[in-house]
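Visitor: Here it is, the structure in full.
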Amino acid sequence: MAAARGSARALRLRVSLRDMEPEIWRTLLVRESASLARLHDAIQRAMGWTDSHLYEFEIDGRQFTDHDTWEPFDDDDEEPGDSQIVKLSDLQLKEGSGFAYLYDFGDYWLHDVTVEERLPIPKGQSLPRCTAGARACPPEDCGGVSGYFELLEALHDVEHSEHESYKEWVGGAFDPESFDLERANAPR
């Protein structure tokens, strides 16, 4: 059944952490009327990040971030769009279109975000929410992609010189294959 004209719409988005093999991904349902800041919050929760670092979206060659934390690196930096104000619906995203989400400019966690579908919001549905995913998000501040792979290697090899320190750092155990949908949707 088709949705009534003007009814609230959602986007089903696939968020995938770039340069990870095997892939670490989440599927999110987000209101089309949500701001990019709200999408940032949803990605943070679903991936398992702690929202401890700066972020940026790049969509069609244009950057968007939180203006409360943005500072230019030099005089030539163009001011990005304000993620608190810009809504997903303002961007006229089509099914199949994609954009980038960067979290933590130091570790440089680059995510590919793809619009899978535009659909009506089922009655009573609370959004945003994560609907699926695979694999654990890397621990915060582990050194980006290369640091994460080094961490996994050390945790896997009890003879590795950093095994005990990494094990303590992650709190005793870390299962890179785990994904908990309930936790991805838990309020913070």
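We name chains A, B, ... following the order of the structure tokens; residues begin at 1 in each chain, and ligands are numbered from 1 as shown.
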Using only C-alpha atoms, which residues sit within 12 Å of Leu91 in chain A once same-chain residues fewer than 2 positions away are excluded, as a PDB file with C-alpha atoms, in the first residue's frame?

Guide:
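In the end it all went to result.pdb:
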ATOM      1  CA  GLU A  32      14.254  11.817   6.454  1.00  0.00           C
ATOM      2  CA  SER A  33      13.525  14.942   8.518  1.00  0.00           C
ATOM      3  CA  ALA A  34      16.443  14.187  10.879  1.00  0.00           C
ATOM      4  CA  SER A  35      19.406  16.536  10.983  1.00  0.00           C
ATOM      5  CA  LEU A  36      22.879  15.334  10.108  1.00  0.00           C
ATOM      6  CA  PHE A  57      30.043  14.321   6.675  1.00  0.00           C
ATOM      7  CA  GLU A  58      31.072  14.785   3.049  1.00  0.00           C
ATOM      8  CA  ILE A  59      28.128  14.780   0.685  1.00  0.00           C
ATOM      9  CA  ASP A  60      28.475  15.712  -2.989  1.00  0.00           C
ATOM     10  CA  ARG A  62      30.453  19.526   0.576  1.00  0.00           C
ATOM     11  CA  PHE A  64      29.030  19.265   7.189  1.00  0.00           C
ATOM     12  CA  GLY A  81      27.475  23.283   6.559  1.00  0.00           C
ATOM     13  CA  SER A  83      25.064  19.495  10.881  1.00  0.00           C
ATOM     14  CA  ILE A  85      20.585  22.578  10.904  1.00  0.00           C
ATOM     15  CA  VAL A  86      20.951  20.576   7.668  1.00  0.00           C
ATOM     16  CA  LYS A  87      18.401  17.776   7.391  1.00  0.00           C
ATOM     17  CA  LEU A  88      18.676  14.616   5.339  1.00  0.00           C
ATOM     18  CA  SER A  89      15.634  15.761   3.361  1.00  0.00           C
ATOM     19  CA  LEU A  93      19.302  11.829  -1.425  1.00  0.00           C
ATOM     20  CA  LYS A  94      18.234   9.129  -3.853  1.00  0.00           C
ATOM     21  CA  SER A  97      23.444   7.431  -3.499  1.00  0.00           C
ATOM     22  CA  GLY A  98      26.236   7.499  -0.993  1.00  0.00           C
ATOM     23  CA  PHE A  99      28.342   9.789   1.119  1.00  0.00           C
ATOM     24  CA  VAL A 115      20.917   5.093   0.886  1.00  0.00           C
TER      25      VAL A 115
END

Visitor: So that I can see what lies close to range 177-185 of chain A, please list as a PyMOL selection string the residues with an atom at most 12 Å from it, counting only C-alpha atoms and leaving out residues fewer than 2 positions away in the same chain.

Guide: chain A and resi 21-29+41-50+126-138+152+173-175+187-188

Visitor: I'd like to know which residues of chain A are alpha helix (DSSP H) (by DSSP, run on the backbone); could you write them as a tab-separated table (two decimals) with N, CA, C and O atoms, in the first residue's frame?

Guide:
chain	number	residue	atom	x	y	z
A	36	LEU	N	21.65	16.11	10.20
A	36	LEU	CA	22.88	15.33	10.11
A	36	LEU	C	23.47	15.09	11.50
A	36	LEU	O	24.08	14.04	11.74
A	37	ALA	N	23.28	16.00	12.42
A	37	ALA	CA	23.74	15.79	13.80
A	37	ALA	C	23.02	14.60	14.42
A	37	ALA	O	23.62	13.79	15.13
A	38	ARG	N	21.73	14.47	14.13
A	38	ARG	CA	20.96	13.32	14.64
A	38	ARG	C	21.46	12.03	13.99
A	38	ARG	O	21.55	10.99	14.66
A	39	LEU	N	21.79	12.08	12.71
A	39	LEU	CA	22.36	10.90	12.04
A	39	LEU	C	23.71	10.55	12.68
A	39	LEU	O	24.00	9.38	12.91
A	40	HIS	N	24.52	11.55	12.96
A	40	HIS	CA	25.79	11.32	13.65
A	40	HIS	C	25.54	10.56	14.95
A	40	HIS	O	26.21	9.56	15.25
A	41	ASP	N	24.58	11.01	15.75
A	41	ASP	CA	24.26	10.35	17.02
A	41	ASP	C	23.84	8.89	16.79
A	41	ASP	O	24.24	8.00	17.54
A	42	ALA	N	23.04	8.67	15.76
A	42	ALA	CA	22.55	7.31	15.46
A	42	ALA	C	23.72	6.41	15.05
A	42	ALA	O	23.78	5.24	15.45
A	43	ILE	N	24.64	6.92	14.24
A	43	ILE	CA	25.80	6.14	13.82
A	43	ILE	C	26.67	5.82	15.03
A	43	ILE	O	27.14	4.69	15.21
A	44	GLN	N	26.89	6.82	15.88
A	44	GLN	CA	27.69	6.61	17.08
A	44	GLN	C	27.13	5.46	17.92
A	44	GLN	O	27.85	4.55	18.32
A	45	ARG	N	25.84	5.50	18.18
A	45	ARG	CA	25.20	4.48	19.02
A	45	ARG	C	25.25	3.11	18.34
A	45	ARG	O	25.62	2.11	18.96
A	46	ALA	N	24.90	3.06	17.07
A	46	ALA	CA	24.83	1.77	16.37
A	46	ALA	C	26.20	1.13	16.19
A	46	ALA	O	26.34	-0.10	16.33
A	47	MET	N	27.21	1.94	15.92
A	47	MET	CA	28.55	1.39	15.73
A	47	MET	C	29.21	1.03	17.05
A	47	MET	O	30.04	0.14	17.11
A	144	GLY	N	43.31	3.78	14.66
A	144	GLY	CA	42.80	3.66	13.30
A	144	GLY	C	42.86	2.24	12.79
A	144	GLY	O	43.03	1.28	13.56
A	145	VAL	N	42.73	2.09	11.48
A	145	VAL	CA	42.67	0.76	10.87
A	145	VAL	C	43.91	-0.06	11.19
A	145	VAL	O	43.82	-1.20	11.65
A	146	SER	N	45.10	0.50	10.99
A	146	SER	CA	46.32	-0.27	11.24
A	146	SER	C	46.48	-0.60	12.72
A	146	SER	O	46.89	-1.70	13.07
A	147	GLY	N	46.13	0.34	13.59
A	147	GLY	CA	46.19	0.08	15.02
A	147	GLY	C	45.22	-1.00	15.45
A	147	GLY	O	45.52	-1.81	16.34
A	148	TYR	N	44.04	-1.01	14.82
A	148	TYR	CA	43.05	-2.03	15.13
A	148	TYR	C	43.55	-3.42	14.75
A	148	TYR	O	43.45	-4.36	15.54
A	149	PHE	N	44.14	-3.53	13.56
A	149	PHE	CA	44.65	-4.84	13.15
A	149	PHE	C	45.82	-5.28	14.04
A	149	PHE	O	45.96	-6.46	14.36
A	150	GLU	N	46.63	-4.33	14.48
A	150	GLU	CA	47.71	-4.64	15.42
A	150	GLU	C	47.13	-5.13	16.74
A	150	GLU	O	47.63	-6.10	17.33
A	151	LEU	N	46.09	-4.47	17.22
A	151	LEU	CA	45.41	-4.87	18.45
A	151	LEU	C	44.88	-6.30	18.33
A	151	LEU	O	45.08	-7.13	19.23
A	152	LEU	N	44.21	-6.61	17.22
A	152	LEU	CA	43.66	-7.95	17.02
A	152	LEU	C	44.77	-9.00	17.00
A	152	LEU	O	44.63	-10.08	17.60
A	153	GLU	N	45.87	-8.67	16.33
A	153	GLU	CA	47.00	-9.60	16.26
A	153	GLU	C	47.55	-9.88	17.66
A	153	GLU	O	47.80	-11.02	18.04
A	154	ALA	N	47.72	-8.82	18.45
A	154	ALA	CA	48.26	-8.98	19.80
A	154	ALA	C	47.30	-9.75	20.70
A	154	ALA	O	47.73	-10.58	21.51
A	155	LEU	N	46.01	-9.49	20.58
A	155	LEU	CA	45.04	-10.21	21.41
A	155	LEU	C	44.97	-11.69	21.05
A	155	LEU	O	44.75	-12.54	21.91
A	156	HIS	N	45.18	-11.99	19.78
A	156	HIS	CA	45.09	-13.37	19.29
A	156	HIS	C	46.33	-14.20	19.67
A	156	HIS	O	46.24	-15.40	19.84
A	163	HIS	N	50.46	-8.45	24.20
A	163	HIS	CA	49.22	-9.20	24.49
A	163	HIS	C	48.58	-8.77	25.80
A	163	HIS	O	47.40	-8.42	25.83
A	164	GLU	N	49.31	-8.81	26.87
A	164	GLU	CA	48.74	-8.50	28.19
A	164	GLU	C	48.29	-7.05	28.31
A	164	GLU	O	47.22	-6.78	28.86
A	165	SER	N	49.07	-6.12	27.78
A	165	SER	CA	48.68	-4.71	27.89
A	165	SER	C	47.43	-4.41	27.05
A	165	SER	O	46.55	-3.68	27.50
A	166	TYR	N	47.35	-4.99	25.85
A	166	TYR	CA	46.13	-4.80	25.04
A	166	TYR	C	44.93	-5.47	25.69
A	166	TYR	O	43.82	-4.93	25.69
A	167	LYS	N	45.13	-6.64	26.24
A	167	LYS	CA	44.04	-7.35	26.91
A	167	LYS	C	43.50	-6.51	28.08
A	167	LYS	O	42.28	-6.38	28.24
A	168	GLU	N	44.40	-5.93	28.84
A	168	GLU	CA	43.98	-5.06	29.95
A	168	GLU	C	43.28	-3.82	29.42
A	168	GLU	O	42.26	-3.37	29.95
A	169	TRP	N	43.83	-3.25	28.33
A	169	TRP	CA	43.27	-2.02	27.75
A	169	TRP	C	41.84	-2.22	27.28
A	169	TRP	O	41.01	-1.33	27.42
A	181	LEU	N	22.51	-6.36	18.60
A	181	LEU	CA	21.50	-5.42	18.07
A	181	LEU	C	20.84	-4.64	19.20
A	181	LEU	O	20.60	-3.43	19.08
A	182	GLU	N	20.56	-5.30	20.30
A	182	GLU	CA	19.93	-4.62	21.43
A	182	GLU	C	20.83	-3.51	21.96
A	182	GLU	O	20.37	-2.40	22.24
A	183	ARG	N	22.11	-3.79	22.09
A	183	ARG	CA	23.05	-2.78	22.57
A	183	ARG	C	23.19	-1.64	21.55
A	183	ARG	O	23.34	-0.47	21.94
A	184	ALA	N	23.12	-1.96	20.27
A	184	ALA	CA	23.21	-0.92	19.23
A	184	ALA	C	22.04	0.05	19.28
A	184	ALA	O	22.14	1.15	18.75

Visitor: What are the DSSP strand (DSSP E) residues of range 11-186 of chain A, as JSON, numbers by chain?

Guide: {"A": [11, 12, 13, 14, 15, 16, 17, 25, 26, 27, 28, 29, 30, 31, 55, 56, 57, 58, 59, 62, 63, 64, 65, 81, 82, 98, 99, 100, 101, 102, 103, 109, 110, 111, 112, 113, 114, 115, 116, 117, 118, 119, 120, 129, 130, 131, 132, 133, 134]}

Visitor: So, counting only C-alpha atoms, which residue among A:Gln92, A:Ser16, A:Thr114, A:Gln84 is closest to Glu56 in chain A?

Guide: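 Counting only C-alpha atoms, the residue closest to Glu56 in chain A is A:Gln84.
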
Visitor: Which value, in Å to one decimal, gives the distance between CA of Gly143 in chain A and CA of Asp82 in chain A?

Guide: 27.7 Å
